[in-house]
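What follows is the content of model23.txt, which has compact mmCIF, C-alpha atoms:
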```txt
# COMPACT_ATOMS: atom_id res chain seq x y z
CA MET C 272 -10.90 -2.52 -18.88
CA PHE C 273 -8.53 -3.91 -16.23
CA THR C 274 -8.01 -7.62 -16.88
CA LYS C 275 -5.19 -8.42 -14.44
CA LYS C 276 -5.49 -9.80 -10.91
CA LEU C 277 -4.29 -7.79 -7.93
CA LEU C 278 -2.27 -9.18 -5.06
CA LEU C 279 -2.38 -6.52 -2.36
CA ASP C 280 0.26 -6.44 0.38
CA MET C 281 -0.82 -4.13 3.20
CA ASP C 282 -0.37 -2.88 6.76
CA THR C 283 -4.06 -2.18 6.86
CA GLY C 284 -4.69 1.25 8.31
CA VAL C 285 -7.02 3.93 7.03
CA ASP C 286 -5.50 4.66 3.63
CA ASP C 287 -5.12 0.92 3.00
CA ALA C 288 -8.83 0.59 3.76
CA LEU C 289 -9.58 3.25 1.16
CA ALA C 290 -7.31 1.43 -1.30
CA ILE C 291 -9.15 -1.86 -0.79
CA ALA C 292 -12.47 -0.10 -1.32
CA TYR C 293 -11.13 1.53 -4.48
CA ALA C 294 -10.02 -1.83 -5.90
CA VAL C 295 -13.41 -3.36 -5.10
CA GLY C 296 -15.22 -0.34 -6.53
CA CYS C 297 -13.26 -0.62 -9.78
CA GLY C 298 -14.33 -4.25 -10.09
CA ALA C 299 -10.76 -5.51 -9.90
CA GLU C 300 -10.22 -9.18 -9.19
CA ILE C 301 -8.24 -9.54 -5.97
CA ALA C 302 -6.23 -12.75 -5.83
CA GLY C 303 -5.48 -12.26 -2.14
CA ILE C 304 -4.24 -9.79 0.45
CA THR C 305 -1.05 -10.35 2.40
CA CYS C 306 -0.54 -8.39 5.59
CA GLY C 307 2.38 -7.02 7.53
CA PHE C 308 3.44 -4.50 10.15
CA GLY C 309 3.56 -0.72 9.90
CA ASN C 310 0.42 1.32 10.54
CA VAL C 311 -0.54 -1.44 12.97
CA GLU C 312 0.89 -4.76 14.13
CA THR C 313 0.56 -7.63 11.66
CA ALA C 314 -2.24 -9.36 13.59
CA GLU C 315 -4.26 -6.13 13.61
CA ALA C 316 -3.67 -5.65 9.89
CA VAL C 317 -5.03 -9.15 9.26
CA ARG C 318 -8.09 -8.52 11.44
CA ASN C 319 -8.82 -5.18 9.77
CA THR C 320 -8.44 -6.68 6.31
CA LEU C 321 -10.82 -9.56 6.99
CA ASP C 322 -13.43 -7.25 8.51
CA LEU C 323 -13.19 -4.69 5.71
CA LEU C 324 -13.49 -7.35 3.01
CA SER C 325 -16.67 -8.62 4.66
CA LEU C 326 -18.05 -5.09 4.94
CA LEU C 327 -17.32 -4.51 1.25
CA GLY C 328 -19.02 -7.73 0.17
CA ARG C 329 -15.82 -9.61 -0.69
CA PRO C 330 -15.36 -12.10 2.18
CA GLU C 331 -14.09 -14.77 -0.24
CA VAL C 332 -10.79 -12.94 -0.81
CA PRO C 333 -8.09 -14.87 1.09
CA VAL C 334 -5.94 -13.06 3.65
CA PHE C 335 -2.43 -14.07 4.74
CA ALA C 336 -0.27 -12.99 7.67
CA GLY C 337 3.39 -12.07 7.32
CA ASP C 338 6.04 -11.77 10.00
CA ALA C 339 5.40 -9.83 13.20
CA GLY C 340 8.41 -7.60 12.54
CA PRO C 341 11.74 -7.29 10.74
CA ASP C 342 14.55 -9.72 11.55
CA GLY C 343 12.31 -11.80 13.76
CA GLN C 344 11.82 -8.95 16.21
CA PRO C 345 8.36 -7.71 17.29
CA PHE C 346 7.40 -4.43 15.65
CA ARG C 347 6.36 -1.50 17.78
CA VAL C 348 3.83 0.83 16.16
CA SER C 349 4.87 4.46 16.45
CA GLU C 350 2.88 6.95 18.46
CA ALA C 351 2.44 8.99 15.29
CA CYS C 352 0.73 6.06 13.55
CA ARG C 353 -1.51 5.43 16.53
CA LYS C 354 -2.53 9.09 16.46
CA ILE C 355 -3.14 9.21 12.70
CA HIS C 356 -4.78 5.81 12.17
CA GLY C 357 -6.24 5.24 15.63
CA GLU C 358 -5.41 2.53 18.13
CA ASN C 359 -6.97 -0.14 15.92
CA GLY C 360 -5.71 1.26 12.60
CA ILE C 361 -9.13 2.14 11.21
CA GLY C 362 -9.92 5.33 13.05
CA ASN C 363 -11.03 3.56 16.23
CA VAL C 364 -14.16 2.44 14.39
CA SER C 365 -15.31 -0.98 15.63
CA LEU C 366 -16.27 -3.46 12.90
CA PRO C 367 -17.88 -6.89 13.34
CA HIS C 368 -15.24 -9.59 13.12
CA HIS C 369 -15.54 -11.95 10.17
CA GLY C 370 -13.37 -14.71 8.79
CA LYS C 371 -9.99 -16.19 9.53
CA PRO C 372 -6.67 -15.83 7.71
CA SER C 373 -5.06 -18.61 5.73
CA LEU C 374 -2.35 -20.60 7.51
CA LEU C 375 0.01 -20.11 4.54
CA PRO C 376 2.69 -17.47 5.28
CA ALA C 377 2.34 -14.24 3.32
CA HIS C 378 5.56 -14.56 1.32
CA ARG C 379 4.66 -18.11 0.29
CA PHE C 380 1.33 -16.91 -1.07
CA ILE C 381 3.13 -14.25 -3.09
CA LEU C 382 5.29 -16.97 -4.62
CA ASP C 383 2.37 -19.34 -5.24
CA ALA C 384 0.28 -16.60 -6.84
CA ALA C 385 3.14 -15.44 -9.08
CA ARG C 386 3.79 -19.00 -10.26
CA LYS C 387 0.10 -19.67 -10.86
CA GLU C 388 -1.03 -16.36 -12.36
CA GLY C 389 2.18 -15.25 -14.05
CA ASP C 390 1.64 -12.30 -16.39
CA ALA C 391 -1.96 -11.95 -15.17
CA LEU C 392 -0.80 -10.82 -11.70
CA VAL C 393 0.05 -7.33 -10.47
CA ILE C 394 1.62 -7.14 -7.00
CA VAL C 395 0.79 -3.93 -5.12
CA CYS C 396 2.55 -3.17 -1.83
CA THR C 397 1.23 -0.38 0.37
CA GLY C 398 3.12 -1.15 3.57
CA THR C 399 6.70 -2.25 4.17
CA LEU C 400 8.35 -4.37 1.50
CA HIS C 401 9.10 -7.12 4.01
CA ASN C 402 6.81 -9.83 2.59
CA LEU C 403 7.93 -9.14 -0.98
CA ALA C 404 11.60 -9.15 0.04
CA ARG C 405 11.17 -12.56 1.69
CA ALA C 406 9.56 -13.89 -1.46
CA ILE C 407 12.38 -12.53 -3.63
CA LEU C 408 15.04 -14.03 -1.39
CA GLU C 409 13.34 -17.43 -1.52
CA ASP C 410 12.63 -17.53 -5.26
CA ARG C 411 13.31 -14.40 -7.29
CA GLU C 412 12.46 -16.10 -10.57
CA ALA C 413 8.99 -16.97 -9.32
CA VAL C 414 8.31 -13.36 -8.39
CA ALA C 415 9.62 -12.32 -11.81
CA LYS C 416 6.74 -14.22 -13.43
CA ALA C 417 4.27 -11.57 -12.23
CA HIS C 418 3.26 -8.90 -14.73
CA SER C 419 4.44 -6.01 -12.57
CA ILE C 420 5.12 -4.68 -9.09
CA VAL C 421 3.78 -1.37 -7.79
CA PHE C 422 4.68 -0.09 -4.36
CA MET C 423 3.73 2.94 -2.30
CA GLY C 424 6.81 4.21 -0.57
CA GLY C 425 9.86 6.38 -0.73
CA ALA C 426 10.56 9.94 -1.76
CA LEU C 427 12.98 11.35 -4.31
CA THR C 428 12.19 15.03 -4.77
CA VAL C 429 10.47 15.79 -1.45
CA ALA C 430 11.31 15.26 2.20
CA GLY C 431 10.27 12.14 4.09
CA ASN C 432 7.27 12.01 6.40
CA VAL C 433 8.89 10.29 9.40
CA THR C 434 12.34 11.87 9.14
CA PRO C 435 13.68 14.53 6.76
CA TYR C 436 15.04 11.62 4.69
CA ALA C 437 12.60 8.75 4.95
CA GLU C 438 9.03 7.83 4.09
CA ALA C 439 7.28 5.59 6.62
CA ASN C 440 6.94 2.35 4.63
CA ILE C 441 10.62 2.33 3.74
CA ALA C 442 11.72 3.49 7.20
CA ASN C 443 9.86 0.64 8.89
CA ASP C 444 12.05 -1.94 7.12
CA PRO C 445 14.82 -0.34 5.05
CA GLU C 446 16.67 -3.64 4.65
CA ALA C 447 13.65 -5.14 2.89
CA ALA C 448 13.40 -2.08 0.65
CA LYS C 449 17.05 -2.43 -0.32
CA ILE C 450 16.52 -6.07 -1.29
CA VAL C 451 13.49 -5.24 -3.43
CA LEU C 452 14.93 -2.15 -5.09
CA GLU C 453 18.20 -3.91 -5.95
CA SER C 454 16.48 -7.10 -7.15
CA GLY C 455 16.50 -5.98 -10.79
CA LEU C 456 12.80 -6.74 -11.05
CA PRO C 457 10.78 -4.07 -12.89
CA MET C 458 8.61 -2.02 -10.56
CA THR C 459 6.84 1.30 -10.17
CA MET C 460 7.48 3.49 -7.14
CA VAL C 461 4.53 5.63 -6.06
CA GLY C 462 6.17 7.82 -3.46
CA LEU C 463 5.48 11.02 -1.58
CA ASP C 464 6.51 12.90 -4.72
CA VAL C 465 3.01 12.24 -6.08
CA THR C 466 0.84 10.97 -3.23
CA LEU C 467 1.04 14.21 -1.26
CA LYS C 468 -0.53 16.05 -4.19
CA HIS C 469 -3.82 14.17 -3.92
CA ARG C 470 -6.03 15.07 -0.98
CA LEU C 471 -9.30 13.78 0.44
CA THR C 472 -11.19 16.59 2.18
CA ARG C 473 -13.41 16.37 5.25
CA GLU C 474 -16.29 17.69 3.15
CA THR C 475 -15.92 14.94 0.54
CA ALA C 476 -15.62 12.14 3.08
CA GLY C 477 -18.58 13.56 4.97
CA ARG C 478 -20.82 13.15 1.92
CA TRP C 479 -20.17 9.40 1.89
CA ALA C 480 -22.50 9.12 4.89
CA ASP C 481 -25.37 9.91 2.49
CA CYS C 482 -24.54 6.79 0.43
CA GLY C 483 -25.75 4.15 2.88
CA HIS C 484 -24.50 2.18 5.87
CA VAL C 485 -21.09 1.26 4.43
CA GLY C 486 -20.55 4.80 3.22
CA GLY C 487 -21.26 6.05 6.73
CA ILE C 488 -18.64 3.72 8.20
CA PHE C 489 -16.01 4.78 5.69
CA SER C 490 -16.92 8.41 6.26
CA GLU C 491 -16.16 7.93 9.95
CA ILE C 492 -12.94 6.02 9.30
CA ALA C 493 -11.66 8.58 6.80
CA GLY C 494 -12.82 11.49 8.95
CA TYR C 495 -10.64 10.32 11.85
CA TYR C 496 -7.63 10.12 9.54
CA ILE C 497 -8.29 13.56 8.09
CA ASP C 498 -8.62 15.12 11.53
CA ASN C 499 -5.36 13.61 12.75
CA GLU C 500 -3.05 13.40 9.72
CA SER C 501 -2.61 17.15 9.32
CA ASP C 502 -4.21 20.47 10.17
CA ARG C 503 -5.23 21.09 6.56
CA GLY C 504 -8.72 19.60 6.72
CA SER C 505 -7.66 16.88 4.29
CA CYS C 506 -5.46 13.79 4.08
CA ALA C 507 -3.07 12.46 1.44
CA LEU C 508 -4.25 9.54 -0.70
CA HIS C 509 -1.07 7.48 -0.46
CA ASP C 510 -2.23 3.87 -0.80
CA PRO C 511 -5.28 4.48 -3.01
CA LEU C 512 -3.05 6.14 -5.61
CA ALA C 513 -0.75 3.10 -5.71
CA VAL C 514 -3.69 0.74 -6.26
CA ALA C 515 -5.16 3.10 -8.85
CA ALA C 516 -1.81 3.24 -10.67
CA ALA C 517 -1.75 -0.55 -10.85
CA ILE C 518 -5.20 -0.51 -12.43
CA GLU C 519 -4.62 2.57 -14.61
CA PRO C 520 -0.87 3.07 -15.24
CA GLY C 521 -1.67 6.16 -17.31
CA LEU C 522 -2.41 8.06 -14.09
CA LEU C 523 1.33 8.48 -13.59
CA VAL C 524 4.31 9.89 -15.44
CA THR C 525 7.31 7.80 -14.41
CA HIS C 526 11.07 8.02 -14.90
CA PRO C 527 13.52 5.08 -14.83
CA PHE C 528 16.21 4.86 -12.18
CA ALA C 529 18.56 2.36 -10.61
CA MET C 530 17.71 2.72 -6.94
CA THR C 531 18.59 1.54 -3.48
CA ALA C 532 17.65 2.31 0.12
CA ILE C 533 19.95 3.47 2.90
CA THR C 534 19.74 0.99 5.78
CA ASP C 535 21.55 2.65 8.69
CA GLY C 536 22.56 5.94 10.18
CA GLU C 537 20.67 9.20 10.29
CA ALA C 538 19.36 8.75 6.73
CA ALA C 539 18.11 5.15 7.20
CA GLY C 540 15.04 4.59 5.06
CA ARG C 541 15.99 7.10 2.40
CA THR C 542 15.38 5.98 -1.19
CA VAL C 543 18.11 7.18 -3.53
CA ALA C 544 18.82 6.96 -7.23
CA ARG C 545 22.28 5.50 -7.77
CA SER C 546 24.81 8.08 -8.87
CA TYR C 547 27.58 6.23 -10.67
CA PRO C 548 27.45 4.77 -14.22
CA GLU C 549 28.61 1.32 -13.15
CA GLU C 550 25.68 1.15 -10.70
CA CYS C 551 23.05 2.24 -13.21
CA ARG C 552 23.03 -0.54 -15.78
CA VAL C 553 19.65 -1.83 -14.67
CA LYS C 554 17.20 1.03 -14.31
CA ASN C 555 14.42 -1.22 -13.05
CA VAL C 556 12.54 1.26 -10.86
CA ARG C 557 10.15 3.64 -12.57
CA ALA C 558 9.54 6.42 -10.06
CA ALA C 559 6.39 8.48 -10.39
CA LEU C 560 7.17 12.19 -10.32
CA GLU C 561 3.97 13.49 -11.93
CA SER C 562 0.38 12.26 -11.79
CA ASP C 563 -3.13 12.98 -13.04
CA PRO C 564 -4.41 15.87 -10.89
CA GLY C 565 -7.98 14.57 -11.12
CA PHE C 566 -7.40 11.40 -9.10
CA SER C 567 -9.07 12.55 -5.89
CA GLY C 568 -12.28 13.21 -7.82
CA ARG C 569 -12.01 9.81 -9.46
CA LEU C 570 -11.64 8.12 -6.07
CA ASP C 571 -14.70 9.92 -4.72
CA GLN C 572 -16.72 8.88 -7.75
CA VAL C 573 -15.71 5.22 -7.49
CA LEU C 574 -16.29 4.98 -3.74
CA ARG C 575 -19.65 6.76 -3.83
CA GLY C 576 -20.80 4.34 -6.52
CA LEU C 577 -19.61 1.37 -4.47
CA PHE C 578 -21.23 2.58 -1.26
CA LYS C 579 -24.58 3.18 -2.98
CA THR C 580 -24.46 -0.34 -4.40
CA LEU C 581 -23.70 -1.88 -1.01
CA GLY C 582 -26.32 0.22 0.78
```

As structure tokens, how would this structure be written, given the file I've shared?
Amino acid sequence: MFTKKLLLDMDTGVDDALAIAYAVGCGAEIAGITCGFGNVETAEAVRNTLDLLSLLGRPEVPVFAGDAGPDGQPFRVSEACRKIHGENGIGNVSLPHHGKPSLLPAHRFILDAARKEGDALVIVCTGTLHNLARAILEDREAVAKAHSIVFMGGALTVAGNVTPYAEANIANDPEAAKIVLESGLPMTMVGLDVTLKHRLTRETAGRWADCGHVGGIFSEIAGYYIDNESDRGSCALHDPLAVAAAIEPGLLVTHPFAMTAITDGEAAGRTVARSYPEECRVKNVRAALESDPGFSGRLDQVLRGLFKTLG
């Protein structure tokens, strides 16, 4: 039984929505959700998160907004993201608006939650590492009080998904990734090495419509993503796998590395294991290179049960 609290940090698009639903379906306690830029602009991520929490019967979970972009500059969502996630980030599905975000900045909530919850808190990042990097820069020792950090991002043994070198979450703010990876804090990297192996098919998502009103909405949201992410009739379960790994670490086989991120040039956004002995004293990043092949079935089971409960 999972007894920790989750702090989710998201750029809430479609796979983030599936990840939130998975956490709720597993009965995990969510301390709060901090939002940032990536799949959508920060304000849209906040709106999507509030609306999804209400839809899933968890409107009490607090939501916090991070910066609008890296280095104080507005972030521009890529055309690829708009195509894959839809103009609003959730497959162009319109949800009733519910709730308002907290006025506390996202990185301050991360610090407050880590100080308050300590070893009971697991921080899970499924967007850029911007909010976490800001928290680390302000008070690394406070962040260190959390039980663990899990992030979806990067690639070690496979090519990137936005350039040959870089995965999207890292590419959207490589400077933040460098700060987090080099912080010395223990963390688990759930990158493309494993997330691409887990697929949600159109057929599976289509069956959710038989599970009630909420299932029908998620079937439509996921169906848009599947139709636009690739031509394979399925989509990768990036963010849900990261949340699942936080809840059930045994889903992954990880290997320790000292890592950094390249911040400029053609390879900006690339995550690399450090090569020289003097750079490898602190192997704080456990990168997932293998994973339980049955996860996609597990996700379907959890979400179908949730949707039937919600009606």

For range 461-515 of chain C versus range 557-575 of chain C, which residues have an atom no more than 8 Å away, and what is each residue's nearest atom pair and distance in Å rounded to one decimal, using only C-alpha atoms, chain-then-number order, as a tab-separated table?
```
residue	atom	partner	partner_atom	distance
C:Val461	CA	C:Ala559	CA	5.5
C:Gly462	CA	C:Ala559	CA	7.0
C:Asp464	CA	C:Leu560	CA	5.7
C:Val465	CA	C:Leu560	CA	5.9
C:Lys468	CA	C:Pro564	CA	7.7
C:His469	CA	C:Ser567	CA	5.8
C:Arg470	CA	C:Ser567	CA	6.3
C:Leu471	CA	C:Ser567	CA	6.5
C:Thr475	CA	C:Asp571	CA	7.4
C:Trp479	CA	C:Arg575	CA	6.3
C:Cys482	CA	C:Arg575	CA	6.5
C:Gly486	CA	C:Arg575	CA	7.4
C:Leu508	CA	C:Ser567	CA	7.7
C:Pro511	CA	C:Leu570	CA	7.9
C:Leu512	CA	C:Phe566	CA	7.7
```

Output for the residues just chosen: C-alpha atoms as a PDB file, keeping the file's coordinate frame:
```pdb
ATOM      1  CA  VAL C 461       4.530   5.630  -6.060  1.00  0.00           C
ATOM      2  CA  GLY C 462       6.170   7.820  -3.460  1.00  0.00           C
ATOM      3  CA  ASP C 464       6.510  12.900  -4.720  1.00  0.00           C
ATOM      4  CA  VAL C 465       3.010  12.240  -6.080  1.00  0.00           C
ATOM      5  CA  LYS C 468      -0.530  16.050  -4.190  1.00  0.00           C
ATOM      6  CA  HIS C 469      -3.820  14.170  -3.920  1.00  0.00           C
ATOM      7  CA  ARG C 470      -6.030  15.070  -0.980  1.00  0.00           C
ATOM      8  CA  LEU C 471      -9.300  13.780   0.440  1.00  0.00           C
ATOM      9  CA  THR C 475     -15.920  14.940   0.540  1.00  0.00           C
ATOM     10  CA  TRP C 479     -20.170   9.400   1.890  1.00  0.00           C
ATOM     11  CA  CYS C 482     -24.540   6.790   0.430  1.00  0.00           C
ATOM     12  CA  GLY C 486     -20.550   4.800   3.220  1.00  0.00           C
ATOM     13  CA  LEU C 508      -4.250   9.540  -0.700  1.00  0.00           C
ATOM     14  CA  PRO C 511      -5.280   4.480  -3.010  1.00  0.00           C
ATOM     15  CA  LEU C 512      -3.050   6.140  -5.610  1.00  0.00           C
TER      16      LEU C 512
END
```

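Nearest to Asp383 in chain C of all the residues C:Ile450, C:Ala302, C:Ala513, C:Cys352 is C:Ala302, counting only C-alpha atoms.
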
Å distance separating CA of Tyr293 in chain C from CA of Arg347 in chain C, one decimal place = 28.5 Å

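If you measure from each of C:Thr313, C:Ser325, C:Asn363, C:Thr580 to Thr399 in chain C using all atoms listed in the file, the closest one turns out to be C:Thr313.
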
With a cut-off of 9 Å, could you pull out the residues of range 457-552 of chain C touching range 393-397 of chain C and give me the nearest pair of atoms for each, distance in Å to one decimal, using all atoms listed in the file, ordered by chain and ascending number, as a tab-separated table?
```
residue	atom	partner	partner_atom	distance
C:His509	CA	C:Thr397	CA	8.2
C:Asp510	CA	C:Thr397	CA	5.6
C:Pro511	CA	C:Thr397	CA	8.8
C:Ala513	CA	C:Val395	CA	7.2
C:Val514	CA	C:Val395	CA	6.6
C:Ala517	CA	C:Val393	CA	7.0
C:Ile518	CA	C:Val393	CA	8.8
```

ask   = Residues at most 12 Å from Gly362 in chain C, counting only C-alpha atoms, excluding those fewer than 6 positions away in the same chain, as an MDAnalysis selection string?
value = chainID C and resid 283:288 310:311 319 352:356 488:500

Edge lengths and centre in Å, axis-aligned, range 548-559 of chain C plus 6 Å each side, as lines of an AutoDock Vina configuration file:
```
center_x = 17.5
center_y = 3.3
center_z = -12.9
size_x = 34.2
size_y = 22.3
size_z = 17.7
```

task = Find the residue from C:Asp535, C:Gly398, C:Ala437, C:Glu315 that sits nearest to Gly357 in chain C; use only C-alpha atoms when measuring.
result =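 Nearest candidate to Gly357 in chain C out of C:Asp535, C:Gly398, C:Ala437, C:Glu315: C:Glu315.
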
Kindly reconstruct range 390-400 of chain C with all heavy atoms and present the result as a CSV table (one decimal), in the frame of the given file.
```csv
chain,number,residue,atom,x,y,z
C,390,ASP,N,1.8,-13.6,-15.8
C,390,ASP,CA,1.6,-12.3,-16.4
C,390,ASP,C,0.3,-11.7,-16.1
C,390,ASP,O,0.1,-10.5,-16.3
C,390,ASP,CB,1.8,-12.4,-17.9
C,390,ASP,CG,1.8,-11.0,-18.5
C,390,ASP,OD1,2.7,-10.2,-18.2
C,390,ASP,OD2,1.0,-10.7,-19.4
C,391,ALA,N,-0.6,-12.5,-15.5
C,391,ALA,CA,-2.0,-12.0,-15.2
C,391,ALA,C,-2.0,-11.3,-13.8
C,391,ALA,O,-3.0,-10.7,-13.4
C,391,ALA,CB,-3.0,-13.1,-15.2
C,392,LEU,N,-0.8,-11.3,-13.1
C,392,LEU,CA,-0.8,-10.8,-11.7
C,392,LEU,C,0.0,-9.5,-11.6
C,392,LEU,O,1.1,-9.4,-12.1
C,392,LEU,CB,-0.1,-11.9,-10.8
C,392,LEU,CG,-0.2,-11.6,-9.3
C,392,LEU,CD1,-1.6,-11.8,-8.7
C,392,LEU,CD2,0.8,-12.5,-8.5
C,393,VAL,N,-0.6,-8.6,-10.8
C,393,VAL,CA,0.0,-7.3,-10.5
C,393,VAL,C,0.2,-7.3,-8.9
C,393,VAL,O,-0.9,-7.4,-8.2
C,393,VAL,CB,-0.7,-6.1,-11.0
C,393,VAL,CG1,0.0,-4.8,-10.5
C,393,VAL,CG2,-0.9,-6.1,-12.5
C,394,ILE,N,1.4,-7.2,-8.4
C,394,ILE,CA,1.6,-7.1,-7.0
C,394,ILE,C,1.7,-5.7,-6.6
C,394,ILE,O,2.4,-4.9,-7.1
C,394,ILE,CB,2.9,-7.8,-6.6
C,394,ILE,CG1,2.9,-9.3,-7.1
C,394,ILE,CG2,3.2,-7.7,-5.2
C,394,ILE,CD1,4.2,-10.0,-7.0
C,395,VAL,N,0.8,-5.3,-5.6
C,395,VAL,CA,0.8,-3.9,-5.1
C,395,VAL,C,1.1,-3.9,-3.6
C,395,VAL,O,0.3,-4.5,-2.8
C,395,VAL,CB,-0.6,-3.3,-5.4
C,395,VAL,CG1,-0.5,-1.8,-5.0
C,395,VAL,CG2,-1.0,-3.5,-6.8
C,396,CYS,N,2.1,-3.3,-3.2
C,396,CYS,CA,2.6,-3.2,-1.8
C,396,CYS,C,2.3,-1.8,-1.3
C,396,CYS,O,2.8,-0.8,-1.9
C,396,CYS,CB,4.0,-3.5,-1.7
C,396,CYS,SG,4.5,-5.1,-2.3
C,397,THR,N,1.5,-1.7,-0.2
C,397,THR,CA,1.2,-0.4,0.4
C,397,THR,C,1.7,-0.3,1.8
C,397,THR,O,1.3,0.7,2.5
C,397,THR,CB,-0.3,-0.1,0.3
C,397,THR,OG1,-1.0,-1.1,1.1
C,397,THR,CG2,-0.8,-0.1,-1.1
C,398,GLY,N,2.5,-1.2,2.3
C,398,GLY,CA,3.1,-1.2,3.6
C,398,GLY,C,4.6,-1.3,3.4
C,398,GLY,O,5.2,-0.9,2.4
C,399,THR,N,5.3,-2.0,4.4
C,399,THR,CA,6.7,-2.2,4.2
C,399,THR,C,6.8,-3.2,3.0
C,399,THR,O,5.9,-3.9,2.6
C,399,THR,CB,7.3,-2.9,5.4
C,399,THR,OG1,6.9,-4.2,5.5
C,399,THR,CG2,7.0,-2.1,6.7
C,400,LEU,N,8.1,-3.4,2.6
C,400,LEU,CA,8.4,-4.4,1.5
C,400,LEU,C,8.9,-5.7,2.1
C,400,LEU,O,9.5,-6.5,1.3
C,400,LEU,CB,9.4,-3.8,0.5
C,400,LEU,CG,8.8,-2.6,-0.3
C,400,LEU,CD1,9.9,-1.9,-1.1
C,400,LEU,CD2,7.7,-3.0,-1.2
```
